[in-house]
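Novice: Contents of run_15.txt (compact mmCIF, C-alpha atoms) are below:
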# COMPACT_ATOMS: atom_id res chain seq x y z
CA MET N 1 23.11 -42.28 -15.93
CA LYS N 2 22.65 -40.42 -19.22
CA HIS N 3 19.36 -42.31 -19.69
CA THR N 4 18.05 -41.30 -16.23
CA MET N 5 18.92 -37.65 -16.83
CA LYS N 6 16.99 -37.71 -20.09
CA HIS N 7 13.89 -39.00 -18.23
CA LEU N 8 14.22 -36.48 -15.44
CA ARG N 9 14.53 -33.47 -17.70
CA PRO N 10 10.79 -33.16 -18.55
CA PHE N 11 9.94 -33.65 -14.87
CA VAL N 12 12.17 -30.74 -13.82
CA TRP N 13 10.64 -28.54 -16.49
CA MET N 14 7.06 -29.48 -15.73
CA SER N 15 7.43 -29.00 -11.98
CA GLY N 16 9.12 -25.62 -12.50
CA LEU N 17 6.35 -24.45 -14.80
CA ALA N 18 3.61 -25.80 -12.53
CA LEU N 19 5.04 -23.90 -9.57
CA LEU N 20 5.32 -20.75 -11.65
CA CYS N 21 1.66 -21.05 -12.68
CA LEU N 22 0.62 -21.56 -9.06
CA THR N 23 2.52 -18.43 -8.09
CA LEU N 24 0.84 -16.29 -10.69
CA ALA N 25 -2.61 -17.73 -10.00
CA PRO N 26 -4.85 -15.49 -7.82
CA LEU N 27 -4.33 -17.20 -4.48
CA ARG N 28 -5.56 -15.49 -1.34
CA ALA N 29 -2.40 -14.64 0.60
CA PRO N 30 -2.70 -13.52 4.25
CA GLY N 31 -2.13 -9.86 3.31
CA GLN N 32 -4.67 -9.89 0.51
CA ALA N 33 -7.75 -7.68 0.64
CA VAL N 34 -11.23 -9.04 1.14
CA SER N 35 -13.27 -7.40 -1.59
CA PRO N 36 -15.43 -4.62 -0.09
CA TRP N 37 -17.91 -4.65 -2.98
CA PRO N 38 -20.66 -7.23 -3.51
CA GLU N 39 -20.00 -10.30 -5.63
CA GLY N 40 -20.97 -9.79 -9.25
CA THR N 41 -20.81 -5.99 -9.19
CA ARG N 42 -18.17 -4.08 -11.12
CA PRO N 43 -15.47 -2.94 -8.67
CA PRO N 44 -14.58 0.77 -8.77
CA PHE N 45 -10.87 -0.13 -8.92
CA LEU N 46 -8.62 -3.12 -9.48
CA GLN N 47 -7.98 -5.59 -6.71
CA GLY N 48 -4.24 -6.11 -6.25
CA PRO N 49 -2.36 -9.15 -4.95
CA THR N 50 -2.19 -7.66 -1.45
CA LEU N 51 -4.38 -5.43 0.69
CA GLU N 52 -1.72 -2.73 0.43
CA ALA N 53 -1.75 -2.92 -3.38
CA THR N 54 -5.56 -2.81 -3.54
CA LEU N 55 -5.58 0.21 -1.23
CA ARG N 56 -3.04 1.93 -3.47
CA ASN N 57 -5.24 1.25 -6.51
CA GLY N 58 -8.25 2.60 -4.63
CA VAL N 59 -6.44 5.76 -3.53
CA GLN N 60 -5.22 6.37 -7.08
CA ALA N 61 -8.73 5.80 -8.46
CA SER N 62 -10.13 8.26 -5.89
CA ILE N 63 -7.50 10.87 -6.80
CA ASN N 64 -8.35 10.49 -10.50
CA GLN N 65 -12.08 10.69 -9.83
CA ALA N 66 -11.65 13.79 -7.63
CA ARG N 67 -9.66 15.48 -10.41
CA LEU N 68 -12.30 14.55 -12.97
CA THR N 69 -15.11 15.90 -10.79
CA ALA N 70 -13.19 19.14 -10.14
CA GLN N 71 -12.60 19.52 -13.88
CA THR N 72 -16.33 18.95 -14.56
CA ALA N 73 -17.18 21.67 -12.01
CA LYS N 74 -14.70 24.05 -13.63
CA GLU N 75 -16.18 23.47 -17.08
CA MET N 76 -19.71 23.92 -15.75
CA GLU N 77 -18.63 27.19 -14.12
CA SER N 78 -17.34 28.64 -17.39
CA ARG N 79 -20.52 27.57 -19.22
CA ALA N 80 -22.74 29.04 -16.47
CA LYS N 81 -20.94 32.38 -16.80
CA GLY N 82 -21.97 32.54 -20.47
CA VAL N 83 -24.94 34.69 -21.49
CA GLY N 84 -26.99 32.05 -23.26
CA TYR N 85 -26.90 29.47 -20.47
CA GLN N 86 -30.30 27.74 -20.48
CA ARG N 87 -32.15 25.92 -17.72
CA GLN N 88 -32.00 22.63 -19.65
CA ASN N 89 -28.20 23.00 -19.94
CA LEU N 90 -28.05 23.60 -16.22
CA TRP N 91 -30.02 20.43 -15.50
CA THR N 92 -27.77 18.29 -17.72
CA ASP N 93 -24.58 19.83 -16.30
CA TYR N 94 -25.84 19.54 -12.75
CA GLN N 95 -26.74 15.87 -13.14
CA ASN N 96 -23.38 15.15 -14.77
CA LEU N 97 -21.52 16.86 -11.94
CA GLU N 98 -23.58 15.09 -9.30
CA MET N 99 -22.93 11.72 -10.98
CA HIS N 100 -19.15 12.27 -10.94
CA PHE N 101 -19.30 13.30 -7.30
CA GLN N 102 -21.37 10.21 -6.43
CA ASN N 103 -18.81 8.01 -8.20
CA LEU N 104 -16.09 9.59 -6.10
CA ARG N 105 -18.02 8.84 -2.91
CA ILE N 106 -18.61 5.22 -3.96
CA THR N 107 -14.94 4.76 -4.86
CA PHE N 108 -13.66 6.28 -1.66
CA HIS N 109 -16.21 4.43 0.46
CA ALA N 110 -14.72 1.19 -0.86
CA VAL N 111 -11.23 2.48 0.06
CA ALA N 112 -12.44 3.33 3.58
CA LYS N 113 -13.87 -0.17 3.99
CA LEU N 114 -10.55 -1.66 2.90
CA ALA N 115 -8.64 0.58 5.30
CA LEU N 116 -10.62 -0.99 8.17
CA GLN N 117 -9.05 -4.33 7.24
CA LEU N 118 -5.63 -2.95 8.22
CA ARG N 119 -6.94 -3.14 11.80
CA ASN N 120 -5.24 -0.02 13.02
CA ALA N 121 -6.94 3.09 14.36
CA ARG N 122 -4.66 5.39 12.38
CA ALA N 123 -5.83 4.15 8.97
CA ALA N 124 -9.49 3.92 10.03
CA ASN N 125 -9.44 7.48 11.41
CA ALA N 126 -7.78 8.86 8.28
CA ALA N 127 -10.43 7.17 6.12
CA ALA N 128 -13.23 8.49 8.36
CA GLU N 129 -11.84 12.04 8.08
CA LEU N 130 -11.66 11.86 4.30
CA GLU N 131 -15.21 10.49 4.11
CA SER N 132 -16.39 13.32 6.39
CA GLY N 133 -14.55 15.69 4.06
CA LEU N 134 -16.68 14.46 1.16
CA ASP N 135 -19.84 14.86 3.26
CA ILE N 136 -18.87 18.48 3.93
CA ILE N 137 -18.00 19.12 0.28
CA SER N 138 -21.43 17.78 -0.73
CA GLU N 139 -22.95 20.77 1.15
CA ALA N 140 -21.86 22.89 -1.82
CA PHE N 141 -24.74 21.36 -3.81
CA ASP N 142 -27.38 22.52 -1.27
CA PRO N 143 -27.99 26.14 -2.39
CA VAL N 144 -28.46 25.11 -6.04
CA GLN N 145 -30.66 22.18 -4.99
CA ARG N 146 -32.85 24.54 -2.96
CA GLU N 147 -33.12 26.96 -5.88
CA LEU N 148 -33.92 24.12 -8.27
CA GLN N 149 -36.79 23.07 -5.99
CA THR N 150 -38.24 26.56 -5.86
CA GLY N 151 -37.64 27.10 -9.58
CA THR N 152 -35.61 30.30 -9.12
CA VAL N 153 -32.12 29.39 -10.15
CA ASN N 154 -29.61 32.20 -9.90
CA PRO N 155 -26.56 31.85 -12.21
CA ASP N 156 -24.41 33.33 -9.44
CA THR N 157 -25.38 30.46 -7.11
CA ILE N 158 -24.33 27.94 -9.78
CA VAL N 159 -21.00 29.67 -10.36
CA ARG N 160 -20.37 29.76 -6.63
CA MET N 161 -21.17 26.06 -6.24
CA CYS N 162 -18.80 25.18 -9.08
CA GLN N 163 -15.98 27.32 -7.68
CA VAL N 164 -16.30 25.83 -4.21
CA LEU N 165 -16.50 22.28 -5.58
CA ASP N 166 -13.50 22.75 -7.86
CA GLU N 167 -11.29 24.18 -5.11
CA ALA N 168 -12.57 21.86 -2.39
CA LEU N 169 -12.07 18.70 -4.45
CA LEU N 170 -8.53 19.64 -5.39
CA GLU N 171 -7.86 20.32 -1.72
CA TRP N 172 -9.44 16.98 -0.81
CA GLN N 173 -7.27 15.02 -3.21
CA LYS N 174 -4.17 16.77 -1.82
CA GLU N 175 -5.30 15.74 1.65
CA LEU N 176 -5.77 12.17 0.42
CA LYS N 177 -2.19 12.16 -0.85
CA ARG N 178 -0.99 13.58 2.48
CA CYS N 179 -2.92 10.86 4.31
CA SER N 180 -1.32 8.04 2.31
CA SER N 181 1.02 7.08 5.12
CA ARG N 182 -1.85 7.02 7.63
CA LEU N 183 -3.92 4.94 5.22
CA GLY N 184 -1.08 2.46 4.92
CA THR N 185 -0.44 2.83 1.20
CA ILE N 186 3.16 4.05 1.48
CA ARG N 187 6.04 2.75 3.53
CA MET P 1 9.47 -29.32 -25.81
CA ASN P 2 10.31 -28.08 -29.26
CA TRP P 3 8.51 -24.82 -28.51
CA HIS P 4 10.63 -24.28 -25.42
CA HIS P 5 13.68 -25.13 -27.40
CA GLN P 6 12.85 -22.51 -30.01
CA ARG P 7 12.06 -19.85 -27.45
CA ILE P 8 15.18 -20.38 -25.44
CA THR P 9 17.59 -20.69 -28.36
CA ASN P 10 16.18 -17.52 -29.92
CA GLN P 11 17.00 -15.44 -26.88
CA PRO P 12 20.07 -13.19 -27.00
CA VAL P 13 23.07 -14.61 -25.23
CA PRO P 14 24.22 -12.66 -22.21
CA ASP P 15 27.86 -11.58 -22.16
CA ALA P 16 28.88 -13.02 -18.82
CA GLY P 17 30.65 -16.33 -19.29
CA GLY P 18 28.80 -18.28 -16.61
CA VAL P 19 25.41 -17.06 -17.71
CA ALA P 20 26.17 -17.67 -21.37
CA ALA P 21 26.16 -21.41 -20.74
CA LEU P 22 22.52 -21.20 -19.60
CA SER P 23 21.36 -20.19 -23.05
CA SER P 24 22.82 -23.25 -24.85
CA PRO P 25 20.32 -25.41 -26.79
CA ILE P 26 18.87 -27.95 -24.38
CA CYS P 27 18.37 -30.70 -26.98
CA SER P 28 22.05 -30.93 -27.59
CA GLU P 29 23.64 -34.06 -26.13
CA SER P 30 26.85 -32.35 -25.07
CA PRO P 31 27.64 -32.12 -21.27
CA PRO P 32 27.39 -28.27 -21.15
CA ALA P 33 23.91 -28.55 -22.63
CA ARG P 34 22.84 -30.99 -19.89
CA ARG P 35 24.09 -28.56 -17.29
CA GLY P 36 22.12 -25.84 -19.09
CA ALA P 37 18.87 -27.81 -18.89
CA TRP P 38 19.27 -28.38 -15.19
CA ALA P 39 20.22 -24.77 -14.64
CA TRP P 40 17.10 -23.54 -16.47
CA GLY P 41 14.92 -25.84 -14.44
CA LEU P 42 16.52 -24.65 -11.24
CA ALA P 43 16.25 -21.02 -12.34
CA ALA P 44 12.51 -21.51 -12.90
CA LEU P 45 12.21 -22.98 -9.40
CA VAL P 46 14.19 -20.15 -7.83
CA VAL P 47 12.04 -17.54 -9.59
CA THR P 48 8.94 -19.37 -8.44
CA VAL P 49 10.09 -19.49 -4.84
CA LEU P 50 11.01 -15.80 -4.88
CA PHE P 51 7.59 -14.85 -6.27
CA ALA P 52 5.85 -17.02 -3.73
CA ALA P 53 7.87 -15.49 -0.90
CA GLY P 54 6.83 -12.04 -2.05
CA CYS P 55 3.19 -13.04 -1.90
CA THR P 56 3.21 -14.50 1.54
CA THR P 57 5.32 -11.99 3.42
CA SER P 58 3.33 -8.87 2.57
CA LYS P 59 2.29 -6.83 5.58
CA SER P 60 0.29 -3.72 6.12
CA GLY P 61 2.18 -0.82 4.61
CA ALA P 62 1.27 1.65 7.32
CA VAL P 63 4.17 3.91 8.21
CA THR P 64 4.71 3.95 11.96
CA ALA P 65 3.85 7.34 13.36
CA ARG P 66 6.00 9.31 15.77
CA PRO P 67 4.58 10.04 19.21
CA GLY P 68 2.39 13.11 19.15
CA ASP P 69 2.02 13.17 15.34
CA GLY P 70 -1.78 13.16 15.52
CA LEU P 71 -1.79 15.95 18.10
CA ARG P 72 0.63 18.08 16.11
CA GLU P 73 -1.43 17.62 12.94
CA TYR P 74 -4.59 18.61 14.79
CA GLN P 75 -2.82 21.66 16.25
CA ARG P 76 -1.84 22.74 12.73
CA LEU P 77 -5.43 22.37 11.47
CA VAL P 78 -6.80 24.38 14.40
CA ARG P 79 -4.19 27.11 13.91
CA ASP P 80 -5.01 27.42 10.19
CA LEU P 81 -8.75 27.46 10.84
CA ARG P 82 -8.27 30.17 13.48
CA LYS P 83 -6.47 32.37 10.92
CA ASP P 84 -9.22 31.86 8.32
CA VAL P 85 -11.99 32.64 10.82
CA GLN P 86 -10.19 35.78 11.94
CA ARG P 87 -9.62 36.96 8.36
CA THR P 88 -13.28 36.43 7.45
CA ARG P 89 -14.50 38.14 10.63
CA GLN P 90 -12.27 41.15 9.93
CA THR P 91 -13.57 41.52 6.34
CA LEU P 92 -17.09 41.30 7.78
CA GLU P 93 -16.36 44.05 10.33
CA ALA P 94 -14.88 46.16 7.55
CA LEU P 95 -18.32 46.23 5.92
CA ALA P 96 -19.80 48.30 8.76
CA PRO P 97 -18.20 51.70 7.98
CA VAL P 98 -18.31 51.39 4.16
CA SER P 99 -19.61 54.18 1.94
CA GLN P 100 -21.34 53.75 -1.39
CA LYS P 101 -17.99 54.38 -3.09
CA ASN P 102 -15.95 51.63 -1.49
CA SER P 103 -18.69 49.11 -0.65
CA GLY P 104 -18.05 47.02 -3.78
CA ALA P 105 -14.38 46.43 -2.99
CA ALA P 106 -15.07 45.71 0.68
CA TYR P 107 -17.79 43.22 -0.20
CA ALA P 108 -15.52 41.50 -2.75
CA ARG P 109 -12.89 41.06 0.00
CA PHE P 110 -15.49 39.55 2.30
CA ASP P 111 -16.74 37.26 -0.48
CA GLY P 112 -13.21 36.07 -1.22
CA ALA P 113 -12.46 35.45 2.46
CA LEU P 114 -15.69 33.46 2.87
CA GLN P 115 -14.90 31.28 -0.11
CA ARG P 116 -11.42 30.61 1.31
CA LEU P 117 -12.94 29.77 4.68
CA GLU P 118 -15.44 27.37 3.09
CA VAL P 119 -12.66 25.50 1.28
CA ASP P 120 -9.83 25.70 3.81
CA SER P 121 -12.02 24.72 6.75
CA ILE P 122 -13.02 21.39 5.18
CA THR P 123 -10.05 19.43 6.54
CA ALA P 124 -10.46 20.80 10.06
CA ARG P 125 -14.23 20.31 10.03
CA ALA P 126 -13.80 16.79 8.70
CA ARG P 127 -11.40 16.05 11.57
CA VAL P 128 -13.88 17.46 14.09
CA ASP P 129 -16.74 15.38 12.62
CA ALA P 130 -14.69 12.20 12.50
CA MET P 131 -13.49 12.71 16.09
CA GLU P 132 -17.06 13.13 17.28
CA LYS P 133 -18.21 10.04 15.41
CA ARG P 134 -15.29 7.81 16.31
CA GLY P 135 -14.36 9.18 19.75
CA GLU P 136 -12.17 6.60 21.45
CA ALA P 137 -10.67 5.45 18.12
CA TYR P 138 -8.66 8.70 18.16
CA PHE P 139 -7.28 7.99 21.57
CA LYS P 140 -6.34 4.55 20.26
CA GLU P 141 -4.46 6.19 17.39
CA TRP P 142 -2.55 8.45 19.75
CA ALA P 143 -1.87 5.48 22.00
CA GLU P 144 -0.54 3.53 18.98
CA GLU P 145 1.79 6.44 18.21
CA ILE P 146 3.08 6.51 21.76
CA SER P 147 3.58 2.79 22.21
CA GLY P 148 4.64 1.91 18.64
CA PRO P 149 5.80 -1.63 17.86
CA ALA P 150 8.01 -1.56 20.95
CA ASN P 151 9.04 -4.34 23.31
CA GLU P 152 7.02 -5.60 26.28
CA ALA P 153 8.65 -3.30 28.84
CA ALA P 154 8.13 -0.17 26.77
CA HIS P 155 4.49 -1.15 26.25
CA ARG P 156 4.03 -1.51 30.02
CA VAL P 157 5.55 1.92 30.70
CA ALA P 158 3.43 3.52 27.97
CA LYS P 159 0.25 1.85 29.24
CA GLU P 160 0.81 3.29 32.70
CA ARG P 161 0.66 6.76 31.17
CA PHE P 162 -2.47 6.12 29.15
CA ALA P 163 -4.84 6.86 32.03
CA GLU P 164 -3.15 10.22 32.53
CA LEU P 165 -3.22 10.96 28.80
CA HIS P 166 -6.87 9.93 28.54
CA GLY P 167 -7.71 12.99 30.66
CA HIS P 168 -6.14 15.19 27.97
CA PHE P 169 -8.05 13.31 25.30
CA GLU P 170 -11.38 13.91 27.01
CA ALA P 171 -10.58 17.62 27.34
CA ILE P 172 -9.73 17.74 23.62
CA LEU P 173 -13.04 16.06 22.71
CA LYS P 174 -14.94 18.53 24.90
CA ASP P 175 -13.22 21.55 23.35
CA THR P 176 -13.68 20.11 19.88
CA GLU P 177 -17.43 19.96 20.51
CA LEU P 178 -17.35 23.62 21.63
CA VAL P 179 -15.56 24.57 18.41
CA ARG P 180 -18.19 22.76 16.37
CA GLN P 181 -20.98 24.55 18.25
CA ALA P 182 -19.40 27.96 17.72
CA PHE P 183 -18.09 27.52 14.19
CA GLY P 184 -21.20 25.88 12.65
CA PRO P 185 -23.63 28.81 13.15
CA PHE P 186 -20.94 31.31 12.13
CA LEU P 187 -20.33 29.61 8.77
CA GLU P 188 -24.03 28.95 8.19
CA GLY P 189 -24.88 32.60 8.92
CA LEU P 190 -22.18 33.81 6.53
CA ARG P 191 -23.47 31.54 3.78
CA GLU P 192 -27.06 32.71 4.26
CA SER P 193 -26.01 36.36 4.11
CA ARG P 194 -23.96 35.73 1.00
CA THR P 195 -26.84 33.91 -0.73
CA LYS P 196 -29.25 36.74 0.10
CA LEU P 197 -26.88 39.48 -1.07
CA GLY P 198 -25.43 37.71 -4.11
CA GLN P 199 -22.14 38.48 -5.78
CA LYS P 200 -22.55 42.26 -6.26
CA PRO P 201 -25.19 43.66 -3.89
CA VAL P 202 -26.52 47.20 -4.11
CA PHE P 203 -25.46 49.60 -1.36
CA ALA P 204 -28.98 49.79 0.14
CA ALA P 205 -29.07 46.00 0.61
CA MET P 206 -25.71 46.12 2.37
CA GLU P 207 -26.92 48.90 4.65
CA MET P 208 -29.91 46.77 5.62
CA ALA P 209 -27.69 43.79 6.32
CA LYS P 210 -25.39 45.68 8.72
CA PRO P 211 -27.06 44.50 11.97
CA ASN P 212 -26.75 40.96 10.69
CA PHE P 213 -23.05 41.52 9.90
CA ALA P 214 -22.50 42.71 13.48
CA GLN P 215 -24.16 39.58 14.87
CA LEU P 216 -22.09 37.40 12.61
CA ALA P 217 -18.87 39.16 13.61
CA SER P 218 -19.72 38.44 17.22
CA ALA P 219 -20.30 34.76 16.34
CA GLY P 220 -16.90 34.82 14.60
CA ARG P 221 -15.21 36.09 17.75
CA GLN P 222 -16.82 33.28 19.74
CA ALA P 223 -15.53 30.77 17.21
CA GLU P 224 -12.02 32.25 17.54
CA GLU P 225 -12.20 31.99 21.34
CA SER P 226 -13.26 28.35 21.16
CA LEU P 227 -10.37 27.65 18.75
CA ASP P 228 -7.94 29.38 21.14
CA GLN P 229 -9.16 27.21 23.98
CA LEU P 230 -8.76 24.06 21.88
CA SER P 231 -5.24 25.15 20.88
CA LYS P 232 -4.27 25.50 24.55
CA THR P 233 -5.65 22.06 25.39
CA LEU P 234 -3.83 20.50 22.44
CA LYS P 235 -0.59 22.22 23.39
CA ALA P 236 -0.80 20.89 26.94
CA ALA P 237 -1.54 17.38 25.69
CA ALA P 238 1.32 17.46 23.18
CA ALA P 239 3.75 18.68 25.86
CA ASP P 240 2.68 15.85 28.17
CA VAL P 241 3.04 13.21 25.45
CA MET P 242 6.54 14.40 24.56
CA SER P 243 7.74 14.78 28.15
CA GLY P 244 6.89 11.25 29.25
CA PRO P 245 8.77 7.98 28.74
CA LEU P 246 8.77 6.81 25.15
CA PRO P 247 9.50 3.44 23.56
CA PRO P 248 13.04 2.74 22.34
CA ALA P 249 14.16 4.87 19.38
CA GLN P 250 14.61 1.89 17.05
CA SER P 251 10.90 1.11 17.26
CA ILE P 252 9.91 4.52 15.93
CA ALA P 253 10.01 4.97 12.17
CA LYS P 254 12.20 7.77 10.88
CA PRO P 255 10.31 10.64 9.21
Transcribe the structure of this file into structure tokens.

Specialist:
Amino acid sequence: MKHTMKHLRPFVWMSGLALLCLTLAPLRAPGQAVSPWPEGTRPPFLQGPTLEATLRNGVQASINQARLTAQTAKEMESRAKGVGYQRQNLWTDYQNLEMHFQNLRITFHAVAKLALQLRNARAANAAAELESGLDIISEAFDPVQRELQTGTVNPDTIVRMCQVLDEALLEWQKELKRCSSRLGTIR
Amino acid sequence: MNWHHQRITNQPVPDAGGVAALSSPICSESPPARRGAWAWGLAALVVTVLFAAGCTTSKSGAVTARPGDGLREYQRLVRDLRKDVQRTRQTLEALAPVSQKNSGAAYARFDGALQRLEVDSITARARVDAMEKRGEAYFKEWAEEISGPANEAAHRVAKERFAELHGHFEAILKDTELVRQAFGPFLEGLRESRTKLGQKPVFAAMEMAKPNFAQLASAGRQAEESLDQLSKTLKAAAADVMSGPLPPAQSIAKP
């Protein structure tokens, strides 16, 4: 009896460890998200073990990116108010701000695609509204873009764009938080 | 096996008597040690099973909405937008009788109100845009709120009301389109005026812009009227949703 137990001991250990490894391995469970970004590209946020977890990561990444973009707009605004603000500074600041805003759109677009996988109208509508919100916010770039094309950039137009972007993005990220239950990221 | 032995024997021993036995060295030949080895193996299995269960039972985390939630939210957005439009229109009208002395302050109030309108209207405008793009998907959302994860009978009762409620939905879509048509030119006109005049316009420029201000104020009033009409339609729809038969209370998530 003692002999048999001694032989069985490694088996019990090995099977326990094997099962533990299988559990922690990235298996595709029924509730797991199908990646909304193409294979081989760097995802804008981490994929979690479930669709819900991935959505949460995506929402958090979008909130962070919205805050970062708003902060960039605020900093650009205070620089643009300065006396020695040059056209080349404007171009660098403008491109930087636009890049952050584009990253936000890419990140949230991935979240919206994931929300469709929940297969309920509530989540899909909430995602569509937030995406429309970003489309509307992007209108703030238009006056500066027009002035850049004609070569007559008014510092007041830049300040205005930055103020609207800063406030609008903070409002947008609040709305995203409010929409968390519709998006299916909180119980 | 020696590695496991080291790791396990180096762990602090819990106080509880029963659990203390689990931390005994497994290479010992004494009977309590044999029990310990089996217990560790079983513990590993239990942990594994619990983890696995967690992975396979995950569901969508969407919180179930209460009937009429979508309508109430839309009503709130429309109400807030109506206030912002009215405030901006009033600051615009206040520019008509200004003198050279007080024109700066009046214009600053208008500028502030416009900036608020631009920011605060985003959520409402986004809702309007999404509703126009997605149309029936919104009715589906409201239908999901009404029916909830209820039983078969409740679903049947709710479905019978959907045709009646669809009439409200179509009226809401129609009024939403009217709001978009009235609000869009108003906001665009305000923005154009603001770009032309800048942050601190001279009095002469403001005098010249007065006819344009009057036109814009009229567009603002039209936008307010369209928002009032939409509010009425939403109120009627919400009242109908709440007055009809609803699924059992246990199927509706608590707020």

Novice: Would you please work out which residue, of P:Phe186, P:Phe213, P:Tyr107, P:Tyr138, is nearest to Phe169 (chain P) when using all atoms listed in the file?

Specialist: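 Distance minimum relative to Phe169 (chain P) lands on P:Tyr138.
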
Novice: Between N:Asn96, N:Gln88, N:Thr54, N:Gln149, which has the minimum distance to chain P (counting all atoms listed in the file)?

Specialist: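 Ranked by minimum distance to chain P, first place goes to N:Thr54.
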
Novice: Between CA of Ala115 (chain N) and CA of Gln71 (chain N), what is the spacing in Å?

Specialist: 27.2 Å

Novice: If we count all atoms listed in the file and set the cut-off at 12 Å, which residues sit around Arg109 (chain P), ignoring sequence neighbours fewer than 6 positions away in its own chain? Please answer as a PDB file with C-alpha atoms, in the coordinates of the input.

Specialist:
ATOM      1  CA  ARG P  87      -9.620  36.960   8.360  1.00  0.00           C
ATOM      2  CA  THR P  88     -13.280  36.430   7.450  1.00  0.00           C
ATOM      3  CA  ARG P  89     -14.500  38.140  10.630  1.00  0.00           C
ATOM      4  CA  GLN P  90     -12.270  41.150   9.930  1.00  0.00           C
ATOM      5  CA  THR P  91     -13.570  41.520   6.340  1.00  0.00           C
ATOM      6  CA  LEU P  92     -17.090  41.300   7.780  1.00  0.00           C
ATOM      7  CA  GLU P  93     -16.360  44.050  10.330  1.00  0.00           C
ATOM      8  CA  ALA P  94     -14.880  46.160   7.550  1.00  0.00           C
ATOM      9  CA  LEU P  95     -18.320  46.230   5.920  1.00  0.00           C
ATOM     10  CA  ASN P 102     -15.950  51.630  -1.490  1.00  0.00           C
ATOM     11  CA  SER P 103     -18.690  49.110  -0.650  1.00  0.00           C
ATOM     12  CA  GLN P 115     -14.900  31.280  -0.110  1.00  0.00           C
ATOM     13  CA  ARG P 116     -11.420  30.610   1.310  1.00  0.00           C
ATOM     14  CA  GLN P 199     -22.140  38.480  -5.780  1.00  0.00           C
ATOM     15  CA  LYS P 200     -22.550  42.260  -6.260  1.00  0.00           C
TER      16      LYS P 200
END

Novice: Select, from N:Ser15, N:Gln86, N:Thr152, N:Gln102, the residue with the minimum atom-to-atom distance to chain P, counting only C-alpha atoms.

Specialist: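 Once distances to chain P are computed over only C-alpha atoms, the minimum belongs to N:Ser15.
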
Novice: Counting all atoms listed in the file, which residues come within 12 Å of (-24.2, 34.7, -1.3), with the point read in the file's coordinates, and could you list them as a PDB file with C-alpha atoms, keeping the file's coordinate frame?

Specialist:
ATOM      1  CA  PRO N 143     -27.990  26.140  -2.390  1.00  0.00           C
ATOM      2  CA  VAL N 144     -28.460  25.110  -6.040  1.00  0.00           C
ATOM      3  CA  ASN N 154     -29.610  32.200  -9.900  1.00  0.00           C
ATOM      4  CA  PRO N 155     -26.560  31.850 -12.210  1.00  0.00           C
ATOM      5  CA  ASP N 156     -24.410  33.330  -9.440  1.00  0.00           C
ATOM      6  CA  THR N 157     -25.380  30.460  -7.110  1.00  0.00           C
ATOM      7  CA  ILE N 158     -24.330  27.940  -9.780  1.00  0.00           C
ATOM      8  CA  VAL N 159     -21.000  29.670 -10.360  1.00  0.00           C
ATOM      9  CA  ARG N 160     -20.370  29.760  -6.630  1.00  0.00           C
ATOM     10  CA  MET N 161     -21.170  26.060  -6.240  1.00  0.00           C
TER      11      MET N 161
ATOM     12  CA  TYR P 107     -17.790  43.220  -0.200  1.00  0.00           C
ATOM     13  CA  ALA P 108     -15.520  41.500  -2.750  1.00  0.00           C
ATOM     14  CA  PHE P 110     -15.490  39.550   2.300  1.00  0.00           C
ATOM     15  CA  ASP P 111     -16.740  37.260  -0.480  1.00  0.00           C
ATOM     16  CA  GLY P 112     -13.210  36.070  -1.220  1.00  0.00           C
ATOM     17  CA  LEU P 114     -15.690  33.460   2.870  1.00  0.00           C
ATOM     18  CA  GLN P 115     -14.900  31.280  -0.110  1.00  0.00           C
ATOM     19  CA  LEU P 187     -20.330  29.610   8.770  1.00  0.00           C
ATOM     20  CA  GLU P 188     -24.030  28.950   8.190  1.00  0.00           C
ATOM     21  CA  GLY P 189     -24.880  32.600   8.920  1.00  0.00           C
ATOM     22  CA  LEU P 190     -22.180  33.810   6.530  1.00  0.00           C
ATOM     23  CA  ARG P 191     -23.470  31.540   3.780  1.00  0.00           C
ATOM     24  CA  GLU P 192     -27.060  32.710   4.260  1.00  0.00           C
ATOM     25  CA  SER P 193     -26.010  36.360   4.110  1.00  0.00           C
ATOM     26  CA  ARG P 194     -23.960  35.730   1.000  1.00  0.00           C
ATOM     27  CA  THR P 195     -26.840  33.910  -0.730  1.00  0.00           C
ATOM     28  CA  LYS P 196     -29.250  36.740   0.100  1.00  0.00           C
ATOM     29  CA  LEU P 197     -26.880  39.480  -1.070  1.00  0.00           C
ATOM     30  CA  GLY P 198     -25.430  37.710  -4.110  1.00  0.00           C
ATOM     31  CA  GLN P 199     -22.140  38.480  -5.780  1.00  0.00           C
ATOM     32  CA  LYS P 200     -22.550  42.260  -6.260  1.00  0.00           C
ATOM     33  CA  PRO P 201     -25.190  43.660  -3.890  1.00  0.00           C
TER      34      PRO P 201
END

Novice: From the options N:Gly82, N:Gly58, N:Gly48, N:Pro43, which residue's atoms come nearest to chain P, counting all atoms listed in the file?

Specialist: N:Gly48

Novice: Which protein, DNA or RNA residues have an atom at most 10 Å from (-17.1, 12.8, -7.2), counting all atoms listed in the file? List them as JSON, numbers by chain.

Specialist: {"N": [62, 63, 64, 65, 66, 67, 68, 69, 70, 72, 97, 98, 99, 100, 101, 102, 103, 104, 105, 106, 107, 108, 134, 137, 138, 165, 169]}
